[in-house]
Structure formats: C-alpha cells, structure tokens
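Undergrad: Dumping the structure here so I can ask a few things about it.
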Amino acid sequence: MSALIAVDIGGTTMRAASYPITDLKPIKISKVHLPNSSESIINTLQDLIQSVWVDNDEVIALSVATPGPIEPESGFIYNAPNIPDWTQFPLGEELRKTYSVPVYFGNDANFAALGEWKYGAGIGHSNLIYITISTGIGGGIICNDQLVIGQKGLAAELGHVMVQPDGPICSCGKKGHLEAFASGSAIVNSVKIQIKEGQSSSLQLGSNLSAFDVSNAARQGDNLAIKAIDKAGEYIGIALASFVHIFNPSIIILGGGVANCGKLLTDPLLQRLENEVIDPVYLADLDVVPSRFGDDSGLLGALAYARQEFGIE
C-alpha cells in the first residue's frame with residue numbers, strides 16, 4: 001500500500017501524519033513543539049517526519065504547509081512569522097537533500113482552505129474564502145474550483161489587508177492591517193492597554209495572558225473582554241466585505257482559536273459585514289460557518305494538494 005505524508009508547521013508546534021492515498025484516517029500522527037534555532041528546527045522536523053514514516057508501505061510524496069509567504073515550486077520561505085531564523089530560508093533545498101520522494105509546499109492557510117474545500121465545510125462550494133484567526137490572521141481562497149496562489153504562490157495574505165490607515169503596527173511592521181486589530185495577539189494587547197489605563201476587568205496583567213483567557217472572561221460576562229472581541233469581530237467584518245466584493249464567494253469559513261469565541265465574535269462580524277457590503281445581493285445565500293477540521297485543516301490540505309498532484313481523488 002502506498003502512503004502520503006503531510007506536515008503542518010505552525011508558529012509554536014509542528015504536526016505530521018501519514019495517510020493512505022485514498023483515506024482521511026491517518027496511519028500515524030505526531031506533534032512536537034518548535035525548538036529555538038533554525039538548525040534545531042530542521043533536525044526536529046526530520047525526526048517528526050521519520051516518526052510517521054510508514055516502513056512497510058511505499059511513501060510516494062511529502063507535502064508541507066508552512067506559515068508566511070513561501071514559493072511553492074522551490075519551497076523557499078521569504079519570511080515565516082514566529083520563526084525568526086526562517087527569513088529567506090531554503091526549506092525545500094534542505095528537505096530535498098534528505099528525501100528522494102517528491103516534496104510539495106504551500107502556505108498553511110492556503111492549504112487549510114484547500115482541506116476544508118476538498119473534505120470539510122466547503123464541500124460543494126466552487127467559490128470559498130477561508131480565514132484563520134489565531135495568533136495572527138491568514139487566509140485562503142478557492143475561486144471557480146481552483147486554489148488562488150498568485151504569480152509566485154504568495155496570494156491570499158488576508159490578514160494584511162489595510163483596514164485603517166495609520167492604525168497600530170502589525171506583526172509584519174506595517175500599519176493598520178487587519179491582523180493588528182483582530183488577531184489573538186491584538187485582542188490581548190488591546191485588553192492589556194485598557195487595564196493599564198485603569199479599566200476594570202476580571203483579567204490580570206501578565207505575560208501569560210492569552211486570547212483564550214479573554215474569550216473565557218467574555219463568556220463569563222467581563223465587559224472589557226466582551227468589547228475587545230466585539231471590536232475584533234467588527235474589523236473582520238470590514239475586511240470580509242472587501243473580500244466578498246472581490247471574490248463573491250458562496251461560503252466563508254472561520255478557523256483558528258479566536259473563531260471559537262462563537263457568537264461573541266460572529267455577531268458583530270456579521271452585522272458589520274451586512275453594513276459594509278454595497279448591495280445585499282452579495283450576502284444572498286452566503287454561508288458563514290466554522291471550520292470543520294480545526295487544527296487538522298492544514299494537514300488535510302497538504303494531503304489534498306499531494307493527491308491532486310498525483311491525480312488521486
């Protein structure tokens with residue numbers, strides 16, 4: 001039996017799984033935390049891949065989802081968020097030294113969009129927007145049954161659309177991007193600033209304060225936390241209105257940990273989206289739904305991409 005190996009490299013963890021060529025149930029699956037240095041990350045990544053390698057079966061391909069802008073053909077990473085050593089980094093060259101099988105690459109959010117479209121919440125939709133709202137914000141687009149990757153594979157950086165000129169500085173160093181207003185990090189920063197300014201909250205300042213903590217506080221009625229998530233939802237709605245005007249999707253899929261805030265996030269998002277579209281026809285029959293696979297979307301997208309390259313449905 002032949003097998004495919006999918007890898008999803010995140011900002012803090014890496015996950016890998018081996019799959020039969022026609023099944024979604026993994027043969028082996030494993031997860032590790034990212035080490036601190038570039039050399040250690042490569043060694044850890046290769047050990048992770050080896051841990052899911054299928055000894056008794058033929059591995060026919062390796063497919064890797066990575067954060068940030070990456071050139072899919074070569075596997076050259078221009079800039080990987082949260083991995084400082086992976087700037088102008090030849091990941092493809094490093095992996096192809098070790099593995100003789102074909103190695104495919106793609107942005108993690110692009111692959112997540114592909115996974116949800118092929119196997120998850122996007123089944124049956126020809127035009128889809130996927131947006132992941134986590135530490136940062138990423139996205140992927142399916143247009144007329146094709147993954148949109150652009151001229152060099154750098155398309156669909158949805159978190160870096162400008163929503164307010166001269167707004168706060170984004171993780172990329174530019175001002176006013178959606179990620180600077182609505183990511184998990186932005187929500188936490190907003191809460192910290194307001195607490196320092198004397199706003200009352202059940203939340204306590206500290207380096208370990210997370211978006212998950214803010215979400216829990218909001219569910220328990222903390223007004224400051226509710227307002228922070230509400231603001232994030234509004235800005236996501238503003239951005240989505242522009243994406244809807246450009247791509248006219250039939251479904252928007254929300255992934256990432258912040259999307260787990262549920263109606264605290266989606267109610268202001270949908271209200272602002274409704275207010276911002278130029279005509280209600282853009283919202284007719286438009287579904288806005290959570291990701292079906294959550295953290296597995298990227299892995300399944302990497303799998304889908306490899307199968308697509310081999311002509312396997």
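Each chain of the structure tokens is named A, B, ... in the order shown, its residues numbered from 1; ligands are numbered from 1 in display order.
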Where in region 7-144 of chain A does DSSP assign strand (DSSP E), given as a PyMOL selection string?
TA: chain A and resi 7-9+13-20+28-33+58-66+70-71+76-79+87-90+103-107+128-133+137-143
Undergrad: Taking 4 positions as the minimum chain separation for residues in the same chain, which residues sit within 8 Å of Cys170 (chain A) when counting only C-alpha atoms? Answer as number ranges by chain.
TA: A: 174-177, 179-180
Undergrad: Can you tell me which residues surround Ala304 (chain A) at a distance of at most 8 Å, considering only C-alpha atoms, apart from same-chain residues fewer than 2 positions away, and format the answer as a ChimeraX atom specification?
TA: /A:114-115,118,300-302,306-308
Undergrad: When distances are computed from only C-alpha atoms, which of A:Val214, A:Ile129, A:Val7, A:Ile251 shows the smallest separation from Val64 (chain A)?
TA: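 Between A:Val214, A:Ile129, A:Val7, A:Ile251, the residue approaching Val64 (chain A) most closely is A:Val7.
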Undergrad: Contacts of Ile70 (chain A) at 9 Å or less, counting only C-alpha atoms, minus same-chain residues fewer than 3 places along, as a CSV table (one decimal) with C-alpha atoms, in the first residue's frame?
TA:
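Writing the result to part_31.csv gives the following:
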chain,number,residue,atom,x,y,z
A,66,THR,CA,4.3,26.4,6.3
A,67,PRO,CA,3.5,29.8,7.8
A,73,GLU,CA,7.8,25.4,-6.5
A,74,SER,CA,11.1,25.7,-4.7
A,75,GLY,CA,10.0,25.7,-1.1
A,76,PHE,CA,11.8,28.9,-0.5
A,77,ILE,CA,10.4,30.8,2.6
A,78,TYR,CA,10.5,34.5,2.4
A,79,ASN,CA,9.5,35.2,6.0
A,80,ALA,CA,8.0,32.8,8.5
A,105,PHE,CA,5.0,23.1,-0.3
A,106,GLY,CA,2.3,25.7,0.3
A,107,ASN,CA,1.2,28.4,2.7
A,152,LYS,CA,4.7,33.4,-7.1
A,153,GLY,CA,2.4,31.5,-4.7
A,154,LEU,CA,2.2,34.5,-2.4
Undergrad: Tell me which protein, DNA and RNA residues are within 9 Å of region 82-85 of chain A, counting only C-alpha atoms, leaving out same-chain ones fewer than 6 positions away, and put them as a list in words.
TA: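 These residues fall inside the cut-off: Gly10, Gly11, Thr12, Leu34, Asn36, Ser37, Ser38, Glu39 and Pro67 of chain A.
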Undergrad: For the selection just defined, write its residues with N, CA and C atoms to a file, as an mmCIF file, in the first residue's frame.
TA:
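Output contents, as saved in part-v3.cif:
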data_model
loop_
_atom_site.group_PDB
_atom_site.id
_atom_site.type_symbol
_atom_site.label_atom_id
_atom_site.label_comp_id
_atom_site.auth_asym_id
_atom_site.auth_seq_id
_atom_site.Cartn_x
_atom_site.Cartn_y
_atom_site.Cartn_z
ATOM 1 N N GLY A 10 3.475 25.142 12.379
ATOM 2 C CA GLY A 10 2.824 26.310 12.958
ATOM 3 C C GLY A 10 3.825 27.239 13.622
ATOM 4 N N GLY A 11 3.303 28.243 14.317
ATOM 5 C CA GLY A 11 4.168 29.203 14.985
ATOM 6 C C GLY A 11 4.826 28.659 16.233
ATOM 7 N N THR A 12 4.210 27.655 16.863
ATOM 8 C CA THR A 12 4.765 27.096 18.099
ATOM 9 C C THR A 12 4.902 25.575 18.059
ATOM 10 N N LEU A 34 8.128 23.549 18.535
ATOM 11 C CA LEU A 34 9.255 24.092 17.788
ATOM 12 C C LEU A 34 10.408 24.399 18.727
ATOM 13 N N ASN A 36 14.264 26.339 19.313
ATOM 14 C CA ASN A 36 14.586 27.762 19.201
ATOM 15 C C ASN A 36 15.419 28.149 17.982
ATOM 16 N N SER A 37 16.230 27.251 17.452
ATOM 17 C CA SER A 37 17.143 27.641 16.382
ATOM 18 C C SER A 37 16.765 26.988 15.061
ATOM 19 N N SER A 38 17.222 27.606 13.962
ATOM 20 C CA SER A 38 16.923 27.103 12.619
ATOM 21 C C SER A 38 17.431 25.672 12.437
ATOM 22 N N GLU A 39 18.677 25.424 12.864
ATOM 23 C CA GLU A 39 19.257 24.087 12.714
ATOM 24 C C GLU A 39 18.471 23.065 13.517
ATOM 25 N N PRO A 67 4.005 28.485 7.573
ATOM 26 C CA PRO A 67 3.473 29.829 7.773
ATOM 27 C C PRO A 67 4.179 30.853 6.895
#
Undergrad: Counting only C-alpha atoms, which residue out of A:Pro20, A:Gly206, A:Gly257, A:Gly221 sits closest to Pro290 (chain A)?
TA: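 For Pro290 (chain A), the nearest of the given residues is A:Gly257.
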Undergrad: Would you work out the distance separating CA of Lys196 (chain A) from CA of Leu224 (chain A), expressed in Å to one decimal?
TA: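 Atom-to-atom, CA of Lys196 (chain A) and CA of Leu224 (chain A) are spaced 12.3 Å apart.
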Undergrad: Have a look at A:Gly294, A:Gln199, A:Ser185, A:Gln46 and name the one nearest to Lys97 (chain A); count only C-alpha atoms.
TA: A:Gln46
Undergrad: CA of Asp57 (chain A) and CA of Met1 (chain A), how far apart in Å?
TA: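 Spanning CA of Met1 (chain A) to CA of Asp57 (chain A) is a straight-line distance of 5.3 Å.
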Undergrad: Which residue is closest to Ile27 (chain A)? Choose from A:Tyr99, A:Phe89, A:Phe212, A:Trp53 and count only C-alpha atoms.
TA: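 So, comparing all the options, the nearest one is A:Trp53.
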Undergrad: Env of Val288 (chain A): 8 Å cut, atoms = only C-alpha atoms, seq-sep filter 4 positions within chain, self excluded. Answer as a list of chain:residue names.
TA: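 What passes the distance filter is A:Ile251, A:Ile252, A:Ile253, A:Leu254.
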Undergrad: What does the file look like for those residues with N, CA and C atoms, as a compact mmCIF listing (two decimals), in the first residue's frame?
TA:
# COMPACT_ATOMS: atom_id res chain seq x y z
N ILE A 251 -19.43 30.80 0.41
CA ILE A 251 -19.22 30.41 1.80
C ILE A 251 -17.94 31.07 2.33
N ILE A 252 -17.99 31.49 3.59
CA ILE A 252 -16.82 31.96 4.33
C ILE A 252 -16.62 31.02 5.51
N ILE A 253 -15.43 30.46 5.62
CA ILE A 253 -15.13 29.51 6.69
C ILE A 253 -14.17 30.17 7.68
N LEU A 254 -14.53 30.14 8.95
CA LEU A 254 -13.73 30.76 10.00
C LEU A 254 -12.97 29.69 10.77
Undergrad: Residues near region 135-150 of chain A, anyone? I mean within 8 Å using only C-alpha atoms, not counting same-chain ones fewer than 4 positions away, as a list in words.
TA: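 Skipping anything fewer than 4 positions along the chain leaves Ala109, Asn110, Phe111, Ala112, Ala113, Leu114, Trp117, His125, Ser126, Asn127, Leu128, Ile129, Tyr130, Ile131, Leu154, Ala155, Ala156, Glu157, Leu158, Gly159, His160, Leu178, Glu179, Ala182, Ser183, Gly184, Ser185, Phe247 and Pro249 of chain A.
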Undergrad: From the options A:Ser18, A:Ser30, A:Asn275, A:Thr87, which residue's atoms come nearest to Val59 (chain A), counting only C-alpha atoms?
TA: A:Ser18
Undergrad: Under the rule that only C-alpha atoms are counted, which of A:Ile187, A:Leu270, A:Ile49, A:Met14 is the nearest residue to Val32 (chain A)?
TA: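 Smallest separation from Val32 (chain A) among the options: A:Met14.
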Undergrad: What is the CA of Leu273 (chain A) to CA of Leu240 (chain A) distance in Å?
TA: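 According to the coordinates, CA of Leu273 (chain A) and CA of Leu240 (chain A) are separated by 6.6 Å.
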Undergrad: Going by DSSP on the backbone, which residues of region 117-259 of chain A come out as helix (DSSP H, G or I)? List them as a compact mmCIF listing (two decimals) with N, CA and C atoms, in the first residue's frame.
TA:
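Printed below is result26.txt as written:
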# COMPACT_ATOMS: atom_id res chain seq x y z
N TRP A 117 -12.19 22.84 1.68
CA TRP A 117 -12.95 22.77 0.42
C TRP A 117 -13.08 21.33 -0.06
N LYS A 118 -11.99 20.60 0.04
CA LYS A 118 -12.00 19.24 -0.51
C LYS A 118 -12.73 18.25 0.38
N TYR A 119 -12.56 18.39 1.70
CA TYR A 119 -13.07 17.37 2.61
C TYR A 119 -14.00 17.88 3.70
N LEU A 158 -4.67 37.42 3.71
CA LEU A 158 -5.85 38.20 4.05
C LEU A 158 -5.68 39.01 5.34
N GLY A 159 -4.81 38.58 6.21
CA GLY A 159 -4.57 39.31 7.45
C GLY A 159 -3.85 40.62 7.25
N HIS A 160 -3.31 40.82 6.04
CA HIS A 160 -2.52 42.02 5.80
C HIS A 160 -3.22 43.01 4.87
N GLU A 179 -4.69 42.12 10.90
CA GLU A 179 -4.05 41.33 11.95
C GLU A 179 -3.73 42.17 13.19
N ALA A 180 -3.47 43.46 12.98
CA ALA A 180 -3.14 44.34 14.10
C ALA A 180 -4.36 44.71 14.92
N PHE A 181 -5.55 44.43 14.41
CA PHE A 181 -6.79 44.77 15.12
C PHE A 181 -7.54 43.54 15.64
N ALA A 182 -7.41 42.40 14.94
CA ALA A 182 -8.35 41.32 15.21
C ALA A 182 -7.73 39.96 15.49
N GLY A 184 -5.54 37.09 17.70
CA GLY A 184 -5.49 36.80 19.13
C GLY A 184 -4.53 37.71 19.85
N SER A 185 -3.37 37.95 19.24
CA SER A 185 -2.38 38.85 19.86
C SER A 185 -2.91 40.26 19.99
N ALA A 186 -3.64 40.74 18.97
CA ALA A 186 -4.18 42.09 19.00
C ALA A 186 -5.25 42.23 20.08
N ILE A 187 -6.06 41.20 20.24
CA ILE A 187 -7.10 41.22 21.28
C ILE A 187 -6.45 41.31 22.66
N VAL A 188 -5.42 40.51 22.89
CA VAL A 188 -4.72 40.53 24.18
C VAL A 188 -4.07 41.89 24.41
N ASN A 189 -3.42 42.45 23.38
CA ASN A 189 -2.78 43.75 23.52
C ASN A 189 -3.78 44.84 23.86
N SER A 190 -4.95 44.79 23.23
CA SER A 190 -6.00 45.77 23.50
C SER A 190 -6.45 45.71 24.95
N VAL A 191 -6.64 44.49 25.43
CA VAL A 191 -7.06 44.30 26.83
C VAL A 191 -5.99 44.81 27.78
N LYS A 192 -4.74 44.48 27.52
CA LYS A 192 -3.65 44.91 28.40
C LYS A 192 -3.56 46.43 28.47
N ILE A 193 -3.68 47.09 27.34
CA ILE A 193 -3.60 48.55 27.31
C ILE A 193 -4.72 49.17 28.15
N GLN A 194 -5.91 48.64 28.01
CA GLN A 194 -7.04 49.21 28.74
C GLN A 194 -6.97 48.95 30.24
N ILE A 195 -6.45 47.79 30.62
CA ILE A 195 -6.28 47.51 32.05
C ILE A 195 -5.24 48.47 32.64
N LYS A 196 -4.15 48.70 31.88
CA LYS A 196 -3.13 49.64 32.33
C LYS A 196 -3.68 51.05 32.47
N ALA A 211 -5.45 34.96 24.40
CA ALA A 211 -6.77 35.19 23.80
C ALA A 211 -7.79 34.20 24.35
N PHE A 212 -7.33 33.01 24.70
CA PHE A 212 -8.22 32.02 25.31
C PHE A 212 -8.75 32.54 26.65
N ASP A 213 -7.86 33.18 27.43
CA ASP A 213 -8.28 33.78 28.71
C ASP A 213 -9.32 34.88 28.49
N VAL A 214 -9.07 35.71 27.47
CA VAL A 214 -10.00 36.80 27.17
C VAL A 214 -11.36 36.24 26.76
N SER A 215 -11.33 35.19 25.94
CA SER A 215 -12.57 34.55 25.50
C SER A 215 -13.35 33.99 26.68
N ASN A 216 -12.66 33.30 27.60
CA ASN A 216 -13.33 32.76 28.78
C ASN A 216 -13.94 33.86 29.64
N ALA A 217 -13.18 34.95 29.82
CA ALA A 217 -13.69 36.08 30.61
C ALA A 217 -14.92 36.69 29.96
N ALA A 218 -14.90 36.77 28.62
CA ALA A 218 -16.06 37.33 27.90
C ALA A 218 -17.30 36.46 28.10
N ARG A 219 -17.11 35.15 28.05
CA ARG A 219 -18.24 34.23 28.25
C ARG A 219 -18.81 34.36 29.66
N ASN A 223 -16.97 42.75 30.87
CA ASN A 223 -17.33 43.74 29.87
C ASN A 223 -16.15 44.15 28.99
N LEU A 224 -14.97 44.28 29.60
CA LEU A 224 -13.79 44.66 28.83
C LEU A 224 -13.45 43.59 27.80
N ALA A 225 -13.52 42.33 28.21
CA ALA A 225 -13.22 41.23 27.29
C ALA A 225 -14.25 41.16 26.17
N ILE A 226 -15.52 41.36 26.52
CA ILE A 226 -16.58 41.36 25.50
C ILE A 226 -16.33 42.44 24.46
N LYS A 227 -15.97 43.63 24.92
CA LYS A 227 -15.74 44.74 23.99
C LYS A 227 -14.53 44.48 23.10
N ALA A 228 -13.49 43.84 23.64
CA ALA A 228 -12.29 43.56 22.85
C ALA A 228 -12.61 42.58 21.72
N ILE A 229 -13.38 41.55 22.01
CA ILE A 229 -13.74 40.57 20.99
C ILE A 229 -14.73 41.18 20.00
N ASP A 230 -15.65 42.00 20.51
CA ASP A 230 -16.60 42.69 19.65
C ASP A 230 -15.88 43.57 18.62
N LYS A 231 -14.88 44.29 19.09
CA LYS A 231 -14.09 45.16 18.19
C LYS A 231 -13.38 44.33 17.13
N ALA A 232 -12.80 43.20 17.53
CA ALA A 232 -12.14 42.32 16.57
C ALA A 232 -13.13 41.84 15.52
N GLY A 233 -14.32 41.44 15.96
CA GLY A 233 -15.34 40.97 15.03
C GLY A 233 -15.73 42.04 14.03
N GLU A 234 -15.84 43.28 14.49
CA GLU A 234 -16.18 44.39 13.59
C GLU A 234 -15.13 44.56 12.50
N TYR A 235 -13.87 44.54 12.89
CA TYR A 235 -12.81 44.74 11.90
C TYR A 235 -12.74 43.57 10.91
N ILE A 236 -12.98 42.37 11.40
CA ILE A 236 -13.02 41.23 10.48
C ILE A 236 -14.18 41.40 9.50
N GLY A 237 -15.32 41.87 9.98
CA GLY A 237 -16.46 42.14 9.10
C GLY A 237 -16.14 43.17 8.04
N ILE A 238 -15.40 44.23 8.42
CA ILE A 238 -14.99 45.26 7.46
C ILE A 238 -14.13 44.64 6.35
N ALA A 239 -13.15 43.83 6.77
CA ALA A 239 -12.27 43.20 5.79
C ALA A 239 -13.03 42.21 4.91
N LEU A 240 -13.90 41.43 5.52
CA LEU A 240 -14.64 40.43 4.74
C LEU A 240 -15.54 41.08 3.70
N ALA A 241 -16.06 42.25 3.99
CA ALA A 241 -16.88 42.94 2.99
C ALA A 241 -16.07 43.20 1.73
N SER A 242 -14.81 43.62 1.89
CA SER A 242 -13.95 43.84 0.73
C SER A 242 -13.68 42.53 0.00
N PHE A 243 -13.41 41.47 0.75
CA PHE A 243 -13.14 40.18 0.11
C PHE A 243 -14.38 39.67 -0.64
N VAL A 244 -15.54 39.88 -0.05
CA VAL A 244 -16.79 39.46 -0.69
C VAL A 244 -17.01 40.22 -1.99
N HIS A 245 -16.71 41.52 -1.98
CA HIS A 245 -16.84 42.32 -3.20
C HIS A 245 -15.90 41.81 -4.30
N ILE A 246 -14.72 41.39 -3.92
CA ILE A 246 -13.72 40.96 -4.91
C ILE A 246 -13.98 39.55 -5.42
N PHE A 247 -14.32 38.62 -4.52
CA PHE A 247 -14.36 37.21 -4.89
C PHE A 247 -15.77 36.62 -4.97
N GLY A 257 -8.12 29.63 16.67
CA GLY A 257 -8.63 29.61 18.04
C GLY A 257 -9.60 30.73 18.36
N VAL A 258 -9.38 31.93 17.80
CA VAL A 258 -10.26 33.06 18.12
C VAL A 258 -11.67 32.81 17.59
N ALA A 259 -11.78 32.06 16.50
CA ALA A 259 -13.11 31.74 15.95
C ALA A 259 -13.94 30.94 16.94
